[in-house]
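Reading through the structure tokens given below for one structure.
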Amino acid sequence: IYTARSKLRMNILDESIVQVVAENVKPRDIIAKTVVKMKVEKNDDAFYVMDIGEVVRRFEEWQSLLPRVHPFYAVKCNSHPVILTVLGALGSGFDCASKSEIEDVLNIGVPASRIIYANPCKSKTHLQFAAVKKAGLMTFDDEYELHKIKEVYPDAKLVIRIKADDPSALVNFRIKFGCDVKHARHLLQVAKQLSLNVVGVSFHVGCLCRDATAYATAIGLSRLVFNYAADIGFNFTLLDIGGGYPGDGKKPITIQCIAEQINQALSEHFPDGCGVTVISEPGRYFAWSTCTLCVNVIGKRVKEIDMKSVGEGTLKENTDCMEVSHMYYCNESRYLSFGILLTLQSKIVPILLK
Ligand SMILES: Cc1ncc(COP(=O)(O)O)c(C=O)c1O
């Protein structure tokens with residue numbers, strides 16, 4: 001249980017409570033008990049309940065469905081020390097996007113060798129920090145980044161990020177990140193001229209991917225880039241298949257269906273024993289359904305709305321066009337927990353706790 005307001009930075013000992021409960025106890029039961037306790041303490045703040053067992057179950061599911069793919073949890077999805085510690089203990093690696101995320105992972109005792117700095121556009125000072133901590137595995141997708149890395153961390157192990165998106169993914173990185181495959185050869189030549197060490201390829205099909213075949217296509221494109229790299233004199237040993245996996249079982253595609261596509265494409269393009277390590281960067285897969293946000297209704301407004309002003313199609317014939325609307329105000333905002341949901345334009349459906 002941890003406070004929602006301090007989600008971004010928190011001290012586990014001060015602000016979180018870990019409870020060991022029987023297997024049949026549901027997060028809902030914990031929430032109900034916590035609410036009663038908080039009432040006594042006169043505290044009505046929003047809070048989260050994280051089901052650690054669900055994190056473990058998801059890790060086990062991942063290993064059984066994708067035995068060749070080592071997960072590197074995307075810390076940006078939820079950097080709470082409990083989730084990091086549990087995944088670290090299970091053997092997960094970590095995808096970090098900044099200095100503070102690298103710090104969070106090192107602070108739980110995971111070695112820098114289990115980190116990929118998977119932000120293709122890094123700030124110089126964060127790169128310097130990575131160099132000091134020897135977090136040397138990192139992505140790039142343009143020439144400017146190569147020159148920056150040459151200046152700050154020339155011994156880094158680089159991974160070229162290619163564009164390989166599912167256009168129907170809810171968050172698409174098409175414009176923002178990844179080089180075109182046809183530009184990859186040139187970038188690799190520049191890296192060679194700069195005597196940089198490029199070791200593999202990465203891609204991200206987009207968050208909440210809705211087309212499982214996007215992974216197979218991207219793995220096929222990665223094979224092409226491995227071939228270019230061999231022509232230029234690099235010996236690639238790493239394939240990073242990124243994130244995009246569903247956070248619960250309700251989305252249009254399941255992890256089972258994605259795993260099928262990935263396993264098939266891997267055996268075609270990177271068969272077992274080919275000397276290539278395969279990693280991934282799942283974020284929502286581990287963080288989404290393991291956490292439940294609990295908010296309080298702190299205000300209510302009953303309003304008559306003139307449906308004429310709402311827009312065409314809502315007008316009913318021969319009625320006075322006024323409807324009563326109920327607005328409920330809760331104590332959590334779009335600047336914290338609801339930010340990403342509003343970006344995705346997802347509908348938030350609350351569950352009422354009696
Ligand atoms: C580089 C990178 N890797 C992994 C992730 C996690 O993605 P997902 O939550 O879709 O698995 C993200 C999310 O933005 C990302 O930018």
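To be explicit about the labels: the chains of the structure tokens are called A, B, and onward in the order shown, and within each one the residues are counted from 1, while ligands get numbers from 1 in the order they are shown.
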### Message
List as an NGL selection string the protein and nucleic acid residues near Ile253 of chain A, meaning an atom at most 9 Å away when only C-alpha atoms are counted, but skip any in the same chain fewer than 6 places from it.
### Response
:A and (209-212 or 245-246)
Could the residues in this selection be written to a file with all heavy atoms, as a compact mmCIF listing (two decimals), in the first residue's frame?
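Output below, filename selection12.txt:
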# COMPACT_ATOMS: atom_id res chain seq x y z
N CYS A 209 0.31 -2.35 -28.12
CA CYS A 209 0.30 -2.83 -29.50
C CYS A 209 -0.98 -3.62 -29.76
O CYS A 209 -1.46 -4.35 -28.90
CB CYS A 209 1.53 -3.71 -29.67
SG CYS A 209 1.51 -4.77 -31.10
N ARG A 210 -1.57 -3.42 -30.96
CA ARG A 210 -2.82 -4.14 -31.24
C ARG A 210 -2.67 -5.12 -32.41
O ARG A 210 -3.63 -5.72 -32.85
CB ARG A 210 -3.93 -3.12 -31.51
CG ARG A 210 -4.30 -2.39 -30.22
CD ARG A 210 -5.54 -1.56 -30.37
NE ARG A 210 -5.23 -0.30 -31.03
CZ ARG A 210 -6.07 0.72 -31.08
NH1 ARG A 210 -7.26 0.62 -30.53
NH2 ARG A 210 -5.75 1.84 -31.69
N ASP A 211 -1.44 -5.22 -32.93
CA ASP A 211 -1.22 -6.14 -34.03
C ASP A 211 0.02 -6.99 -33.71
O ASP A 211 1.15 -6.52 -33.84
CB ASP A 211 -1.02 -5.35 -35.34
CG ASP A 211 -0.69 -6.25 -36.51
OD1 ASP A 211 -0.75 -7.49 -36.34
OD2 ASP A 211 -0.37 -5.73 -37.59
N ALA A 212 -0.21 -8.22 -33.31
CA ALA A 212 0.89 -9.08 -32.87
C ALA A 212 1.90 -9.33 -33.99
O ALA A 212 3.09 -9.57 -33.72
CB ALA A 212 0.33 -10.40 -32.35
N TYR A 245 3.61 -4.87 -24.71
CA TYR A 245 2.79 -6.03 -24.31
C TYR A 245 1.61 -5.59 -23.44
O TYR A 245 1.72 -4.62 -22.69
CB TYR A 245 3.67 -7.04 -23.54
CG TYR A 245 5.00 -7.22 -24.20
CD1 TYR A 245 6.11 -6.44 -23.83
CD2 TYR A 245 5.15 -8.10 -25.26
CE1 TYR A 245 7.32 -6.54 -24.49
CE2 TYR A 245 6.36 -8.22 -25.92
CZ TYR A 245 7.44 -7.43 -25.53
OH TYR A 245 8.63 -7.53 -26.20
N PRO A 246 0.49 -6.32 -23.52
CA PRO A 246 -0.70 -5.88 -22.79
C PRO A 246 -0.55 -5.97 -21.27
O PRO A 246 0.10 -6.88 -20.76
CB PRO A 246 -1.80 -6.85 -23.27
CG PRO A 246 -1.07 -8.03 -23.80
CD PRO A 246 0.26 -7.56 -24.28
Neighbours of segment 155-165 of chain A within 9 Å (only C-alpha atoms; same-chain residues fewer than 2 positions away dropped), as a PDB file with N, CA and C atoms, in the first residue's frame?
ATOM      1  N   ALA A 118      17.828   2.754 -22.310  1.00  0.00           N
ATOM      2  CA  ALA A 118      17.109   2.635 -23.585  1.00  0.00           C
ATOM      3  C   ALA A 118      16.425   3.929 -23.994  1.00  0.00           C
ATOM      4  N   PRO A 120      17.065   6.791 -26.657  1.00  0.00           N
ATOM      5  CA  PRO A 120      17.980   7.101 -27.768  1.00  0.00           C
ATOM      6  C   PRO A 120      18.447   8.556 -27.763  1.00  0.00           C
ATOM      7  N   ALA A 131      28.327   6.593 -17.347  1.00  0.00           N
ATOM      8  CA  ALA A 131      29.734   6.213 -17.522  1.00  0.00           C
ATOM      9  C   ALA A 131      30.378   5.937 -16.162  1.00  0.00           C
ATOM     10  N   LYS A 134      29.129   2.737 -14.850  1.00  0.00           N
ATOM     11  CA  LYS A 134      29.383   1.645 -15.795  1.00  0.00           C
ATOM     12  C   LYS A 134      28.101   0.965 -16.291  1.00  0.00           C
ATOM     13  N   ALA A 135      27.061   1.794 -16.470  1.00  0.00           N
ATOM     14  CA  ALA A 135      25.831   1.295 -17.106  1.00  0.00           C
ATOM     15  C   ALA A 135      26.028   1.517 -18.610  1.00  0.00           C
ATOM     16  N   GLY A 136      26.713   0.574 -19.240  1.00  0.00           N
ATOM     17  CA  GLY A 136      27.280   0.824 -20.564  1.00  0.00           C
ATOM     18  C   GLY A 136      26.437   0.390 -21.752  1.00  0.00           C
ATOM     19  N   LEU A 137      25.342  -0.341 -21.500  1.00  0.00           N
ATOM     20  CA  LEU A 137      24.527  -0.795 -22.627  1.00  0.00           C
ATOM     21  C   LEU A 137      23.473   0.267 -22.923  1.00  0.00           C
ATOM     22  N   MET A 138      23.440   0.790 -24.163  1.00  0.00           N
ATOM     23  CA  MET A 138      22.519   1.910 -24.434  1.00  0.00           C
ATOM     24  C   MET A 138      22.130   1.983 -25.894  1.00  0.00           C
ATOM     25  N   THR A 139      20.974   2.614 -26.141  1.00  0.00           N
ATOM     26  CA  THR A 139      20.473   2.704 -27.511  1.00  0.00           C
ATOM     27  C   THR A 139      20.826   4.055 -28.146  1.00  0.00           C
ATOM     28  N   PHE A 140      20.809   4.068 -29.482  1.00  0.00           N
ATOM     29  CA  PHE A 140      20.966   5.324 -30.241  1.00  0.00           C
ATOM     30  C   PHE A 140      20.177   5.158 -31.534  1.00  0.00           C
ATOM     31  N   ASP A 141      19.830   6.301 -32.158  1.00  0.00           N
ATOM     32  CA  ASP A 141      19.155   6.187 -33.453  1.00  0.00           C
ATOM     33  C   ASP A 141      19.517   7.319 -34.411  1.00  0.00           C
ATOM     34  N   ASP A 142      20.529   8.132 -34.047  1.00  0.00           N
ATOM     35  CA  ASP A 142      20.970   9.151 -35.016  1.00  0.00           C
ATOM     36  C   ASP A 142      22.434   9.509 -34.807  1.00  0.00           C
ATOM     37  N   ILE A 149      27.968  10.291 -27.594  1.00  0.00           N
ATOM     38  CA  ILE A 149      28.465   9.105 -26.868  1.00  0.00           C
ATOM     39  C   ILE A 149      29.987   8.994 -27.039  1.00  0.00           C
ATOM     40  N   LYS A 150      30.463   9.304 -28.244  1.00  0.00           N
ATOM     41  CA  LYS A 150      31.922   9.233 -28.496  1.00  0.00           C
ATOM     42  C   LYS A 150      32.658  10.171 -27.526  1.00  0.00           C
ATOM     43  N   TYR A 153      31.203   8.782 -23.456  1.00  0.00           N
ATOM     44  CA  TYR A 153      31.311   7.393 -22.992  1.00  0.00           C
ATOM     45  C   TYR A 153      31.707   6.489 -24.178  1.00  0.00           C
ATOM     46  N   PRO A 167       1.332   0.551 -36.518  1.00  0.00           N
ATOM     47  CA  PRO A 167       0.668   1.857 -36.628  1.00  0.00           C
ATOM     48  C   PRO A 167      -0.605   1.948 -35.789  1.00  0.00           C
ATOM     49  N   SER A 168      -1.190   0.788 -35.420  1.00  0.00           N
ATOM     50  CA  SER A 168      -2.429   0.839 -34.640  1.00  0.00           C
ATOM     51  C   SER A 168      -2.176   0.838 -33.124  1.00  0.00           C
ATOM     52  N   ALA A 169      -0.902   0.795 -32.711  1.00  0.00           N
ATOM     53  CA  ALA A 169      -0.597   0.819 -31.272  1.00  0.00           C
ATOM     54  C   ALA A 169      -1.135   2.111 -30.669  1.00  0.00           C
ATOM     55  N   ASN A 172       2.278   5.504 -30.282  1.00  0.00           N
ATOM     56  CA  ASN A 172       3.146   5.163 -31.394  1.00  0.00           C
ATOM     57  C   ASN A 172       4.412   6.005 -31.362  1.00  0.00           C
ATOM     58  N   PHE A 173       5.566   5.371 -31.587  1.00  0.00           N
ATOM     59  CA  PHE A 173       6.821   6.138 -31.526  1.00  0.00           C
ATOM     60  C   PHE A 173       7.347   6.468 -32.930  1.00  0.00           C
ATOM     61  N   ARG A 174       6.511   6.293 -33.927  1.00  0.00           N
ATOM     62  CA  ARG A 174       6.938   6.393 -35.322  1.00  0.00           C
ATOM     63  C   ARG A 174       7.756   7.664 -35.618  1.00  0.00           C
ATOM     64  N   ILE A 175       7.234   8.812 -35.156  1.00  0.00           N
ATOM     65  CA  ILE A 175       7.925  10.066 -35.479  1.00  0.00           C
ATOM     66  C   ILE A 175       9.087  10.276 -34.519  1.00  0.00           C
ATOM     67  N   PHE A 177      11.042   8.157 -32.306  1.00  0.00           N
ATOM     68  CA  PHE A 177      12.258   7.351 -32.118  1.00  0.00           C
ATOM     69  C   PHE A 177      12.422   6.277 -33.192  1.00  0.00           C
ATOM     70  N   GLY A 178      13.663   5.883 -33.374  1.00  0.00           N
ATOM     71  CA  GLY A 178      13.981   4.784 -34.291  1.00  0.00           C
ATOM     72  C   GLY A 178      14.424   5.306 -35.642  1.00  0.00           C
ATOM     73  N   CYS A 179      15.522   4.721 -36.186  1.00  0.00           N
ATOM     74  CA  CYS A 179      15.960   5.138 -37.526  1.00  0.00           C
ATOM     75  C   CYS A 179      15.305   4.235 -38.553  1.00  0.00           C
ATOM     76  N   ASP A 180      15.126   4.766 -39.763  1.00  0.00           N
ATOM     77  CA  ASP A 180      14.626   3.915 -40.844  1.00  0.00           C
ATOM     78  C   ASP A 180      15.655   2.831 -41.118  1.00  0.00           C
ATOM     79  N   VAL A 181      15.167   1.663 -41.459  1.00  0.00           N
ATOM     80  CA  VAL A 181      16.112   0.562 -41.713  1.00  0.00           C
ATOM     81  C   VAL A 181      17.058   0.947 -42.846  1.00  0.00           C
ATOM     82  N   ALA A 184      19.999   2.703 -41.566  1.00  0.00           N
ATOM     83  CA  ALA A 184      20.798   2.013 -40.532  1.00  0.00           C
ATOM     84  C   ALA A 184      22.227   1.751 -40.999  1.00  0.00           C
ATOM     85  N   LEU A 187      24.330   4.810 -40.549  1.00  0.00           N
ATOM     86  CA  LEU A 187      24.618   5.074 -39.131  1.00  0.00           C
ATOM     87  C   LEU A 187      25.697   4.118 -38.602  1.00  0.00           C
ATOM     88  N   LEU A 188      25.604   2.874 -39.044  1.00  0.00           N
ATOM     89  CA  LEU A 188      26.598   1.894 -38.589  1.00  0.00           C
ATOM     90  C   LEU A 188      27.986   2.233 -39.142  1.00  0.00           C
ATOM     91  N   LEU A 196      33.271   3.165 -32.460  1.00  0.00           N
ATOM     92  CA  LEU A 196      32.333   2.834 -31.373  1.00  0.00           C
ATOM     93  C   LEU A 196      31.953   1.359 -31.475  1.00  0.00           C
ATOM     94  N   ASN A 197      31.513   0.828 -30.327  1.00  0.00           N
ATOM     95  CA  ASN A 197      31.217  -0.601 -30.253  1.00  0.00           C
ATOM     96  C   ASN A 197      29.695  -0.825 -30.320  1.00  0.00           C
ATOM     97  N   VAL A 198      29.192  -1.173 -31.504  1.00  0.00           N
ATOM     98  CA  VAL A 198      27.751  -1.435 -31.629  1.00  0.00           C
ATOM     99  C   VAL A 198      27.555  -2.951 -31.532  1.00  0.00           C
ATOM    100  N   VAL A 199      26.626  -3.358 -30.654  1.00  0.00           N
ATOM    101  CA  VAL A 199      26.503  -4.797 -30.367  1.00  0.00           C
ATOM    102  C   VAL A 199      25.149  -5.397 -30.758  1.00  0.00           C
ATOM    103  N   GLY A 200      24.198  -4.565 -31.167  1.00  0.00           N
ATOM    104  CA  GLY A 200      22.903  -5.160 -31.497  1.00  0.00           C
ATOM    105  C   GLY A 200      21.862  -4.171 -31.976  1.00  0.00           C
ATOM    106  N   VAL A 201      20.640  -4.695 -32.069  1.00  0.00           N
ATOM    107  CA  VAL A 201      19.511  -3.937 -32.621  1.00  0.00           C
ATOM    108  C   VAL A 201      18.380  -3.908 -31.596  1.00  0.00           C
ATOM    109  N   SER A 202      17.664  -2.785 -31.542  1.00  0.00           N
ATOM    110  CA  SER A 202      16.456  -2.743 -30.714  1.00  0.00           C
ATOM    111  C   SER A 202      15.311  -2.104 -31.501  1.00  0.00           C
ATOM    112  N   PHE A 203      14.102  -2.370 -31.053  1.00  0.00           N
ATOM    113  CA  PHE A 203      12.921  -1.693 -31.610  1.00  0.00           C
ATOM    114  C   PHE A 203      11.850  -1.652 -30.533  1.00  0.00           C
ATOM    115  N   HIS A 204      10.840  -0.823 -30.742  1.00  0.00           N
ATOM    116  CA  HIS A 204       9.667  -0.793 -29.860  1.00  0.00           C
ATOM    117  C   HIS A 204       8.464  -0.625 -30.764  1.00  0.00           C
ATOM    118  N   VAL A 205       7.566  -1.598 -30.780  1.00  0.00           N
ATOM    119  CA  VAL A 205       6.439  -1.554 -31.722  1.00  0.00           C
ATOM    120  C   VAL A 205       5.383  -0.515 -31.336  1.00  0.00           C
ATOM    121  N   GLY A 206       5.520   0.098 -30.158  1.00  0.00           N
ATOM    122  CA  GLY A 206       4.522   1.062 -29.677  1.00  0.00           C
ATOM    123  C   GLY A 206       3.785   0.470 -28.490  1.00  0.00           C
ATOM    124  N   CYS A 209       0.310  -2.350 -28.118  1.00  0.00           N
ATOM    125  CA  CYS A 209       0.299  -2.828 -29.503  1.00  0.00           C
ATOM    126  C   CYS A 209      -0.983  -3.624 -29.763  1.00  0.00           C
ATOM    127  N   ALA A 214       3.255  -7.271 -35.774  1.00  0.00           N
ATOM    128  CA  ALA A 214       4.263  -6.197 -35.793  1.00  0.00           C
ATOM    129  C   ALA A 214       5.590  -6.702 -35.228  1.00  0.00           C
ATOM    130  N   TYR A 215       5.535  -7.586 -34.226  1.00  0.00           N
ATOM    131  CA  TYR A 215       6.778  -8.122 -33.636  1.00  0.00           C
ATOM    132  C   TYR A 215       7.527  -8.981 -34.654  1.00  0.00           C
ATOM    133  N   THR A 217       7.350  -8.844 -37.923  1.00  0.00           N
ATOM    134  CA  THR A 217       7.900  -7.976 -38.975  1.00  0.00           C
ATOM    135  C   THR A 217       9.178  -7.298 -38.468  1.00  0.00           C
ATOM    136  N   ALA A 218       9.106  -6.803 -37.234  1.00  0.00           N
ATOM    137  CA  ALA A 218      10.258  -6.075 -36.675  1.00  0.00           C
ATOM    138  C   ALA A 218      11.465  -7.004 -36.480  1.00  0.00           C
ATOM    139  N   ILE A 219      11.214  -8.245 -36.107  1.00  0.00           N
ATOM    140  CA  ILE A 219      12.325  -9.189 -35.929  1.00  0.00           C
ATOM    141  C   ILE A 219      12.962  -9.488 -37.304  1.00  0.00           C
ATOM    142  N   LEU A 221      13.053  -7.357 -39.819  1.00  0.00           N
ATOM    143  CA  LEU A 221      13.839  -6.159 -40.176  1.00  0.00           C
ATOM    144  C   LEU A 221      15.158  -6.127 -39.397  1.00  0.00           C
ATOM    145  N   SER A 222      15.091  -6.570 -38.152  1.00  0.00           N
ATOM    146  CA  SER A 222      16.314  -6.590 -37.331  1.00  0.00           C
ATOM    147  C   SER A 222      17.355  -7.518 -37.973  1.00  0.00           C
ATOM    148  N   VAL A 225      19.316  -5.737 -40.461  1.00  0.00           N
ATOM    149  CA  VAL A 225      20.316  -4.831 -39.873  1.00  0.00           C
ATOM    150  C   VAL A 225      21.506  -5.639 -39.321  1.00  0.00           C
ATOM    151  N   LEU A 238      23.202  -9.009 -29.708  1.00  0.00           N
ATOM    152  CA  LEU A 238      22.041  -8.654 -28.879  1.00  0.00           C
ATOM    153  C   LEU A 238      20.852  -8.200 -29.736  1.00  0.00           C
ATOM    154  N   LEU A 239      19.692  -8.749 -29.430  1.00  0.00           N
ATOM    155  CA  LEU A 239      18.448  -8.274 -30.045  1.00  0.00           C
ATOM    156  C   LEU A 239      17.517  -7.864 -28.917  1.00  0.00           C
ATOM    157  N   ASP A 240      17.030  -6.606 -28.969  1.00  0.00           N
ATOM    158  CA  ASP A 240      16.128  -6.087 -27.931  1.00  0.00           C
ATOM    159  C   ASP A 240      14.770  -5.837 -28.582  1.00  0.00           C
TER     160      ASP A 240
END
### Message
At a cut-off of 7 Å and counting only C-alpha atoms and all ligand atoms, what residues surround ligand 1? Please answer as a ChimeraX atom specification.
### Response
/A:74,77,95,118-119,204,206-208,242-245,281-285
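Among the candidate residues A:Ala230, A:Ile348, A:Val55, A:Ile279, the one lying nearest to Gly93 of chain A is A:Ile279, with distances computed using only C-alpha atoms.
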#### Entry: Pick from A:Val302, A:Leu293, A:Ile30, A:Val86, whichever lies nearest to Ile52 of chain A using only C-alpha atoms
A:Val86
### Message
Among segment 82-325 of chain A, which ones does DSSP assign to alpha helix (DSSP H) (computed from the backbone)? Answer as a PyMOL selection string.
### Response
chain A and resi 82-90+99-107+124-133+143-152+181-193+213-232+255-269+284-287
### Message
So that I can see what lies close to Glu260 of chain A, please list as a PyMOL selection string the residues with an atom at most 9 Å from it, counting only C-alpha atoms and leaving out residues fewer than 3 positions away in the same chain.
### Response
chain A and resi 65-66+212+255-257+263-265
Taking C-alpha atoms for each residue, export the selection above as a short mmCIF file (atom, residue, chain, number, x, y, z; two decimals), in the first residue's frame.
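Result file follows (again-v9.cif):
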data_model
loop_
_atom_site.label_atom_id
_atom_site.label_comp_id
_atom_site.auth_asym_id
_atom_site.auth_seq_id
_atom_site.Cartn_x
_atom_site.Cartn_y
_atom_site.Cartn_z
CA LEU A 65 5.64 -18.16 -22.86
CA LEU A 66 8.90 -16.53 -23.97
CA ALA A 212 0.89 -9.08 -32.87
CA ILE A 255 0.42 -12.01 -24.51
CA GLN A 256 -0.08 -15.60 -25.74
CA CYS A 257 -0.76 -14.41 -29.25
CA ASN A 263 8.84 -17.33 -30.94
CA GLN A 264 8.12 -18.20 -34.56
CA ALA A 265 10.02 -15.18 -35.90
#
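Proximity to Asn331 of chain A was assessed for A:Ser195, A:Asn107, A:Ser92, A:Asn43 counting only C-alpha atoms; the smallest distance is recorded for A:Asn43.
One distance worth recording is that between atom CA of Ser123 of chain A and atom CA of Ser79 of chain A, which is 20.0 Å.
Shortest atom-to-atom contact with Lys176 of chain A among A:Cys121, A:Tyr335, A:Leu90, A:His147: A:Cys121, counting only C-alpha atoms.
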### Task
Report as a list in words: the residues of segment 31-80 of chain A with a DSSP assignment of strand (DSSP E), based on the backbone of this structure.
Phe47, Tyr48, Val49, Met50, Val69, His70, Pro71, Phe72, Tyr73 and Ala74 of chain A
### Query
Can you list, as a ChimeraX atom specification, every protein, DNA or RNA residue that comes within 12 Å of Ser325 of chain A when you count only C-alpha atoms, leaving out same-chain residues fewer than 3 positions away?
/A:300-307,322,328
